[in-house]
$ cat model.txt   # compact mmCIF, C-alpha atoms
# COMPACT_ATOMS: atom_id res chain seq x y z
CA MET S 1 26.96 60.33 197.07
CA PRO S 2 27.30 57.36 199.47
CA TYR S 3 27.77 53.80 198.29
CA VAL S 4 24.86 51.42 198.76
CA LEU S 5 25.80 47.75 199.03
CA VAL S 6 23.34 45.39 197.41
CA GLY S 7 23.26 41.63 197.83
CA ARG S 8 24.51 39.11 200.31
CA THR S 9 27.87 39.33 202.02
CA HIS S 10 30.18 36.44 202.84
CA HIS S 11 33.03 35.78 205.23
CA PHE S 12 35.56 34.50 202.72
CA TYR S 13 38.84 36.37 202.27
CA GLY S 14 41.27 35.13 199.68
CA GLN S 15 41.29 33.42 196.31
CA ARG S 16 39.92 30.25 194.81
CA LEU S 17 42.24 27.30 195.22
CA TRP S 18 42.24 26.73 191.47
CA GLU S 19 43.46 30.31 190.91
CA ILE S 20 46.37 29.72 193.28
CA VAL S 21 47.23 26.26 191.95
CA GLY S 22 47.07 27.38 188.33
CA ARG S 23 49.90 29.88 188.84
CA LEU S 24 52.27 27.43 190.55
CA LYS S 25 54.80 25.00 189.15
CA ASP S 26 53.54 21.37 189.04
CA LEU S 27 50.09 22.70 189.99
CA GLY S 28 51.31 23.44 193.51
CA ALA S 29 52.37 19.95 194.56
CA GLY S 30 54.17 20.22 197.90
CA ARG S 31 53.04 23.78 198.68
CA MET S 32 50.94 24.80 201.68
CA VAL S 33 47.68 26.74 201.66
CA VAL S 34 45.46 28.05 204.46
CA ARG S 35 41.73 28.77 204.58
CA SER S 36 40.91 32.09 206.21
CA ARG S 37 37.88 30.43 207.80
CA PHE S 38 40.18 28.26 209.96
CA GLU S 39 42.56 31.01 211.06
CA ARG S 40 40.30 31.72 214.04
CA TYR S 41 41.66 28.65 215.86
CA PRO S 42 44.78 29.01 218.03
CA GLU S 43 46.15 25.69 216.72
CA PRO S 44 47.62 25.61 213.20
CA THR S 45 45.31 24.49 210.40
CA PHE S 46 46.65 24.12 206.88
CA TYR S 47 46.69 21.97 203.76
CA ARG S 48 49.74 20.62 201.90
CA ILE S 49 48.85 19.98 198.25
CA VAL S 50 49.60 16.43 197.12
CA SER S 51 48.16 16.57 193.60
CA ALA S 52 45.83 18.67 191.50
CA GLN S 53 44.08 17.47 188.35
CA PRO S 54 41.90 20.12 186.70
CA ASP S 55 39.07 19.13 184.35
CA MET S 56 40.24 21.05 181.32
CA ASP S 57 38.01 19.61 178.60
CA THR S 58 34.79 17.85 179.45
CA GLY S 59 33.64 17.65 175.83
CA ARG S 60 31.10 20.43 176.29
CA PRO S 61 32.19 23.90 175.13
CA HIS S 62 32.29 26.75 177.66
CA MET S 63 31.41 24.37 180.51
CA ASP S 64 34.42 25.15 182.70
CA GLU S 65 35.80 28.45 181.50
CA ASP S 66 36.70 29.58 185.02
CA ASN S 67 38.67 26.37 185.76
CA MET S 68 36.67 25.66 188.89
CA ARG S 69 36.41 21.89 188.54
CA GLY S 70 38.84 19.07 189.07
CA LYS S 71 40.30 16.92 191.79
CA ILE S 72 42.63 18.23 194.51
CA LEU S 73 44.18 15.89 197.05
CA VAL S 74 45.80 17.47 200.12
CA GLU S 75 47.34 16.43 203.41
CA LYS S 76 45.06 18.04 205.97
CA VAL S 77 46.21 19.32 209.36
CA PHE S 78 43.22 20.55 211.37
CA ARG S 79 43.85 22.27 214.70
CA GLY S 80 47.30 20.72 214.96
CA LYS S 81 46.11 17.16 214.28
CA TYR S 82 47.12 15.34 211.10
CA CYS S 83 43.98 14.05 209.33
CA GLY S 84 45.59 12.23 206.40
CA VAL S 85 45.14 12.75 202.66
CA VAL S 86 41.69 14.11 201.80
CA ASP S 87 39.93 15.36 198.68
CA ILE S 88 38.86 19.02 198.97
CA SER S 89 37.52 19.41 195.44
CA LYS S 90 34.09 20.38 196.74
CA ALA S 91 35.51 23.42 198.61
CA ALA S 92 38.13 24.48 196.03
CA TYR S 93 35.79 26.97 194.33
CA LYS S 94 35.40 29.09 197.50
CA THR S 95 37.34 32.36 197.60
CA ASP S 96 38.82 31.48 200.96
CA PHE S 97 42.36 30.20 200.29
CA ARG S 98 45.73 31.85 200.81
CA LEU S 99 49.13 30.53 199.74
CA ILE S 100 51.74 30.28 202.49
CA HIS S 101 55.15 31.60 201.49
CA LYS S 102 57.95 29.04 201.50
CA HIS S 103 59.84 30.85 204.25
CA ASP S 104 56.72 30.79 206.49
CA GLU S 105 56.00 27.06 206.09
CA ALA S 106 58.48 26.15 208.84
CA LYS S 107 56.53 28.29 211.34
CA TYR S 108 53.35 26.29 210.70
CA LEU S 109 55.19 22.98 211.03
CA GLN S 110 56.85 24.04 214.30
CA ALA S 111 53.52 25.24 215.69
CA GLN S 112 51.98 21.87 214.80
CA GLU S 113 54.68 20.00 216.74
CA LYS S 114 54.06 22.13 219.85
CA VAL S 115 50.33 21.32 220.02
CA THR S 116 49.43 18.94 222.84
CA HIS S 117 46.29 16.92 222.33
CA ALA S 118 43.90 15.98 225.09
CA GLU S 119 44.11 12.40 226.26
CA GLN S 120 41.57 10.03 224.80
CA LYS S 121 38.69 9.26 227.17
CA ILE S 122 37.93 5.62 227.90
CA LEU S 123 34.20 4.93 228.32
CA PRO S 124 32.61 1.82 229.85
CA ASN S 125 31.08 -0.77 227.50
CA THR S 126 27.71 -0.86 229.27
CA LEU S 127 25.36 1.58 230.91
CA GLU S 128 22.47 1.00 233.31
CA MET S 129 19.04 1.34 231.74
CA PRO S 130 16.97 4.43 232.54
CA PRO S 131 14.18 3.66 235.05
CA LEU S 132 11.27 3.80 232.61
CA LEU S 133 13.07 1.67 230.01
CA LYS S 134 13.95 -0.83 232.75
CA ILE S 135 10.25 -1.18 233.67
CA VAL S 136 9.28 -1.70 230.01
CA ALA S 137 12.05 -4.28 229.56
CA GLU S 138 10.91 -6.21 232.65
CA ARG S 139 7.31 -6.24 231.35
CA GLU S 140 8.46 -7.67 228.03
CA GLY S 141 10.54 -10.32 229.76
CA HIS S 142 14.08 -9.09 229.06
CA ALA S 143 16.58 -10.38 231.63
CA SER S 144 19.29 -7.75 231.06
CA ASN S 145 19.13 -4.34 232.73
CA VAL S 146 22.15 -2.86 230.94
CA LEU S 147 22.60 -1.20 227.56
CA GLN S 148 25.56 -1.85 225.27
CA LEU S 149 27.22 1.40 224.20
CA ARG S 150 28.16 2.14 220.61
CA LEU S 151 30.43 5.01 219.73
CA SER S 152 31.00 6.94 216.54
CA ASN S 153 34.65 7.17 215.58
CA ASN S 154 35.41 10.75 216.64
CA GLY S 155 38.90 10.09 218.05
CA ARG S 156 38.21 11.85 221.37
CA ALA S 157 36.79 8.80 223.16
CA ARG S 158 36.75 5.03 222.84
CA LEU S 159 35.15 2.08 224.59
CA ALA S 160 37.11 0.15 227.23
CA GLN S 161 38.54 -3.16 226.13
CA ASP S 162 38.54 -6.36 228.22
CA GLY S 163 40.25 -5.81 231.56
CA GLU S 164 40.71 -2.08 231.02
CA GLU S 165 39.46 0.45 233.56
CA PRO S 166 37.30 3.32 232.15
CA THR S 167 38.49 6.85 232.87
CA VAL S 168 34.98 8.30 232.64
CA LYS S 169 32.14 7.22 234.93
CA LEU S 170 28.73 7.33 233.24
CA SER S 171 25.66 7.50 235.46
CA LEU S 172 22.00 8.27 235.07
CA GLY S 173 20.35 11.16 236.78
CA LEU S 174 20.15 14.90 236.75
CA GLY S 175 23.28 15.49 238.81
CA THR S 176 23.33 17.62 241.93
CA PRO S 177 20.72 20.37 241.87
CA LEU S 178 21.52 23.99 242.69
CA SER S 179 18.69 24.10 245.25
CA PRO S 180 18.45 20.65 246.91
CA GLN S 181 15.74 21.82 249.32
CA LEU S 182 13.29 21.99 246.38
CA TYR S 183 13.66 18.25 245.83
CA GLU S 184 13.20 17.08 249.43
CA GLY S 185 10.63 14.31 249.65
CA VAL S 186 10.53 13.75 245.88
CA LEU S 187 11.14 10.19 244.68

$ encode --input "model.txt" --output "structure tokens"
Amino acid sequence: MPYVLVGRTHHFYGQRLWEIVGRLKDLGAGRMVVRSRFERYPEPTFYRIVSAQPDMDTGRPHMDEDNMRGKILVEKVFRGKYCGVVDISKAAYKTDFRLIHKHDEAKYLQAQEKVTHAEQKILPNTLEMPPLLKIVAEREGHASNVLQLRLSNNGRARLAQDGEEPTVKLSLGLGTPLSPQLYEGVL
């Protein structure tokens, strides 16, 4: 008789982080773990455990029998880039972690050193207003025809400082069309 699978499937392969940490000396401080979800990237992605503090007794009986709660601080390396010390307590319950053997840790560290990161793009501080916005601004009496750019801190780009030349040229428009003859005579 064939097996019939019932229920939802998931893409996690491994163990909960608390199951791994609970078996290690000093709750795994100094050891490295990997999430199977991040193994799809060519650059190394791993966590080095800094500290783990499980919530053993919350005062309510049978509340945390599976030891799935607590605070875990790790040094995060994502795609070869060091991200600092982060708290991954919210993801520690997922069955997606794998402990890296001590003799394999050097391979991950060497692979991290070999990763070359793309140069940071330098964007201009201002951008010309779009045509329709420029018309509305002139009607309302605004003298400036430029917009000040603001950037979220993503690390891949930054705004040019005083006297610095931008490496990226921002311009308005649709670019060059594939069929320019369709746009002949259009303003």

$ closest_residue --input "model.txt" --among "S:Val77, S:Leu24, S:Ala52, S:Met1" --to "Glu113 in chain S" --atoms "all atoms listed in the file"
S:Val77

$ closest_residue --input "model.txt" --among "S:Ala92, S:Gln112, S:Thr9, S:Arg23" --to "Phe46 in chain S" --atoms "only C-alpha atoms"
S:Gln112

$ residues_around --input "model.txt" --residues "Leu133 in chain S" --least-positions-apart "2" --cutoff "12 Å" --atoms "all atoms listed in the file" --output "list in words"
Glu128, Met129, Pro130, Pro131, Ile135, Val136, Ala137, Glu138, Arg139, Glu140, His142, Ser144, Asn145, Val146 and Leu147 of chain S

$ residues_around --input "model.txt" --residues "Asp87 in chain S" --least-positions-apart "3" --cutoff "12 Å" --atoms "all atoms listed in the file" --output "list in words"
Tyr47, Arg48, Ile49, Val50, Ser51, Ala52, Gln53, Gly70, Lys71, Ile72, Leu73, Val74, Glu75, Lys76, Cys83, Gly84, Lys90, Ala91 and Ala92 of chain S

$ residues_around --input "model.txt" --residues "Asp96 in chain S" --least-positions-apart "5" --cutoff "9 Å" --atoms "only C-alpha atoms" --output "ChimeraX atom specification"
/S:11-17,34-37

$ residues_around --input "model.txt" --residues "Leu149 in chain S" --least-positions-apart "2" --cutoff "9 Å" --atoms "only C-alpha atoms" --output "JSON, numbers by chain"
{"S": [123, 124, 125, 126, 127, 147, 151, 159]}

$ atom_distance --input "model.txt" --atom1 "CA of Gly7 in chain S" --atom2 "CA of Tyr93 in chain S"
19.6 Å

$ decode --input "model.txt" --residues "range 59-158 of chain S" --atoms "C-alpha atoms" --output "PDB file, in the first residue's frame"
ATOM      1  CA  GLY S  59       7.076  30.515  36.545  1.00  0.00           C
ATOM      2  CA  ARG S  60       4.359  28.778  34.544  1.00  0.00           C
ATOM      3  CA  PRO S  61       4.468  24.964  34.531  1.00  0.00           C
ATOM      4  CA  HIS S  62       4.839  23.134  31.201  1.00  0.00           C
ATOM      5  CA  MET S  63       5.251  26.441  29.332  1.00  0.00           C
ATOM      6  CA  ASP S  64       8.601  25.641  27.720  1.00  0.00           C
ATOM      7  CA  GLU S  65       8.997  21.888  27.867  1.00  0.00           C
ATOM      8  CA  ASP S  66      10.696  21.737  24.469  1.00  0.00           C
ATOM      9  CA  ASN S  67      13.299  24.381  25.429  1.00  0.00           C
ATOM     10  CA  MET S  68      12.460  26.539  22.436  1.00  0.00           C
ATOM     11  CA  ARG S  69      12.735  29.942  24.108  1.00  0.00           C
ATOM     12  CA  GLY S  70      15.646  32.052  25.210  1.00  0.00           C
ATOM     13  CA  LYS S  71      18.173  34.494  23.875  1.00  0.00           C
ATOM     14  CA  ILE S  72      20.949  33.553  21.444  1.00  0.00           C
ATOM     15  CA  LEU S  73      23.548  36.084  20.360  1.00  0.00           C
ATOM     16  CA  VAL S  74      25.715  35.197  17.358  1.00  0.00           C
ATOM     17  CA  GLU S  75      28.305  36.789  15.112  1.00  0.00           C
ATOM     18  CA  LYS S  76      26.658  36.716  11.702  1.00  0.00           C
ATOM     19  CA  VAL S  77      28.519  36.322   8.423  1.00  0.00           C
ATOM     20  CA  PHE S  78      26.100  36.609   5.495  1.00  0.00           C
ATOM     21  CA  ARG S  79      27.393  35.928   1.987  1.00  0.00           C
ATOM     22  CA  GLY S  80      30.973  36.527   3.088  1.00  0.00           C
ATOM     23  CA  LYS S  81      30.236  39.867   4.770  1.00  0.00           C
ATOM     24  CA  TYR S  82      30.552  40.268   8.536  1.00  0.00           C
ATOM     25  CA  CYS S  83      27.286  41.696   9.930  1.00  0.00           C
ATOM     26  CA  GLY S  84      28.237  42.014  13.604  1.00  0.00           C
ATOM     27  CA  VAL S  85      26.621  40.476  16.679  1.00  0.00           C
ATOM     28  CA  VAL S  86      22.899  39.854  16.202  1.00  0.00           C
ATOM     29  CA  ASP S  87      20.113  38.193  18.170  1.00  0.00           C
ATOM     30  CA  ILE S  88      18.592  35.216  16.303  1.00  0.00           C
ATOM     31  CA  SER S  89      16.227  34.096  19.053  1.00  0.00           C
ATOM     32  CA  LYS S  90      13.215  34.506  16.770  1.00  0.00           C
ATOM     33  CA  ALA S  91      14.607  31.953  14.262  1.00  0.00           C
ATOM     34  CA  ALA S  92      16.136  29.497  16.760  1.00  0.00           C
ATOM     35  CA  TYR S  93      13.022  27.297  16.849  1.00  0.00           C
ATOM     36  CA  LYS S  94      13.236  26.459  13.121  1.00  0.00           C
ATOM     37  CA  THR S  95      14.547  23.005  12.223  1.00  0.00           C
ATOM     38  CA  ASP S  96      17.079  24.482   9.843  1.00  0.00           C
ATOM     39  CA  PHE S  97      20.427  24.524  11.692  1.00  0.00           C
ATOM     40  CA  ARG S  98      23.476  22.306  11.341  1.00  0.00           C
ATOM     41  CA  LEU S  99      26.576  22.290  13.541  1.00  0.00           C
ATOM     42  CA  ILE S 100      29.888  22.713  11.721  1.00  0.00           C
ATOM     43  CA  HIS S 101      32.587  20.308  12.866  1.00  0.00           C
ATOM     44  CA  LYS S 102      35.642  21.921  14.421  1.00  0.00           C
ATOM     45  CA  HIS S 103      37.938  20.649  11.680  1.00  0.00           C
ATOM     46  CA  ASP S 104      35.669  22.222   9.006  1.00  0.00           C
ATOM     47  CA  GLU S 105      35.494  25.686  10.607  1.00  0.00           C
ATOM     48  CA  ALA S 106      38.788  26.736   9.005  1.00  0.00           C
ATOM     49  CA  LYS S 107      37.339  26.077   5.525  1.00  0.00           C
ATOM     50  CA  TYR S 108      34.488  28.524   6.160  1.00  0.00           C
ATOM     51  CA  LEU S 109      36.866  31.178   7.500  1.00  0.00           C
ATOM     52  CA  GLN S 110      39.210  30.813   4.512  1.00  0.00           C
ATOM     53  CA  ALA S 111      36.295  31.023   2.085  1.00  0.00           C
ATOM     54  CA  GLN S 112      35.135  34.216   3.819  1.00  0.00           C
ATOM     55  CA  GLU S 113      38.557  35.832   3.345  1.00  0.00           C
ATOM     56  CA  LYS S 114      38.542  35.035  -0.389  1.00  0.00           C
ATOM     57  CA  VAL S 115      35.217  36.786  -1.048  1.00  0.00           C
ATOM     58  CA  THR S 116      35.600  40.085  -2.900  1.00  0.00           C
ATOM     59  CA  HIS S 117      32.818  42.584  -2.359  1.00  0.00           C
ATOM     60  CA  ALA S 118      31.541  44.934  -5.022  1.00  0.00           C
ATOM     61  CA  GLU S 119      32.679  48.515  -4.689  1.00  0.00           C
ATOM     62  CA  GLN S 120      30.246  50.878  -3.044  1.00  0.00           C
ATOM     63  CA  LYS S 121      28.366  53.070  -5.518  1.00  0.00           C
ATOM     64  CA  ILE S 122      28.466  56.822  -4.977  1.00  0.00           C
ATOM     65  CA  LEU S 123      25.198  58.550  -5.912  1.00  0.00           C
ATOM     66  CA  PRO S 124      24.669  62.289  -6.472  1.00  0.00           C
ATOM     67  CA  ASN S 125      22.964  64.306  -3.721  1.00  0.00           C
ATOM     68  CA  THR S 126      20.326  65.822  -6.006  1.00  0.00           C
ATOM     69  CA  LEU S 127      18.189  64.719  -8.920  1.00  0.00           C
ATOM     70  CA  GLU S 128      16.281  66.763 -11.491  1.00  0.00           C
ATOM     71  CA  MET S 129      12.532  66.838 -10.940  1.00  0.00           C
ATOM     72  CA  PRO S 130      10.311  64.813 -13.270  1.00  0.00           C
ATOM     73  CA  PRO S 131       8.552  67.025 -15.855  1.00  0.00           C
ATOM     74  CA  LEU S 132       5.072  66.887 -14.334  1.00  0.00           C
ATOM     75  CA  LEU S 133       6.352  67.541 -10.808  1.00  0.00           C
ATOM     76  CA  LYS S 134       8.399  70.459 -12.151  1.00  0.00           C
ATOM     77  CA  ILE S 135       5.246  72.029 -13.650  1.00  0.00           C
ATOM     78  CA  VAL S 136       3.336  71.604 -10.369  1.00  0.00           C
ATOM     79  CA  ALA S 137       6.242  73.097  -8.395  1.00  0.00           C
ATOM     80  CA  GLU S 138       6.397  76.123 -10.710  1.00  0.00           C
ATOM     81  CA  ARG S 139       2.626  76.681 -10.309  1.00  0.00           C
ATOM     82  CA  GLU S 140       2.969  76.638  -6.527  1.00  0.00           C
ATOM     83  CA  GLY S 141       5.874  79.063  -6.643  1.00  0.00           C
ATOM     84  CA  HIS S 142       8.797  76.801  -5.703  1.00  0.00           C
ATOM     85  CA  ALA S 143      12.118  78.142  -6.997  1.00  0.00           C
ATOM     86  CA  SER S 144      14.066  74.862  -6.880  1.00  0.00           C
ATOM     87  CA  ASN S 145      13.849  72.317  -9.698  1.00  0.00           C
ATOM     88  CA  VAL S 146      15.911  69.614  -7.979  1.00  0.00           C
ATOM     89  CA  LEU S 147      15.062  66.918  -5.449  1.00  0.00           C
ATOM     90  CA  GLN S 148      17.282  66.017  -2.505  1.00  0.00           C
ATOM     91  CA  LEU S 149      17.990  62.286  -2.392  1.00  0.00           C
ATOM     92  CA  ARG S 150      17.692  60.233   0.776  1.00  0.00           C
ATOM     93  CA  LEU S 151      19.095  56.743   0.987  1.00  0.00           C
ATOM     94  CA  SER S 152      18.374  53.830   3.270  1.00  0.00           C
ATOM     95  CA  ASN S 153      21.491  52.365   4.837  1.00  0.00           C
ATOM     96  CA  ASN S 154      21.929  49.242   2.713  1.00  0.00           C
ATOM     97  CA  GLY S 155      25.732  49.383   2.439  1.00  0.00           C
ATOM     98  CA  ARG S 156      25.770  49.003  -1.354  1.00  0.00           C
ATOM     99  CA  ALA S 157      25.474  52.722  -2.142  1.00  0.00           C
ATOM    100  CA  ARG S 158      25.959  56.073  -0.452  1.00  0.00           C
TER     101      ARG S 158
END
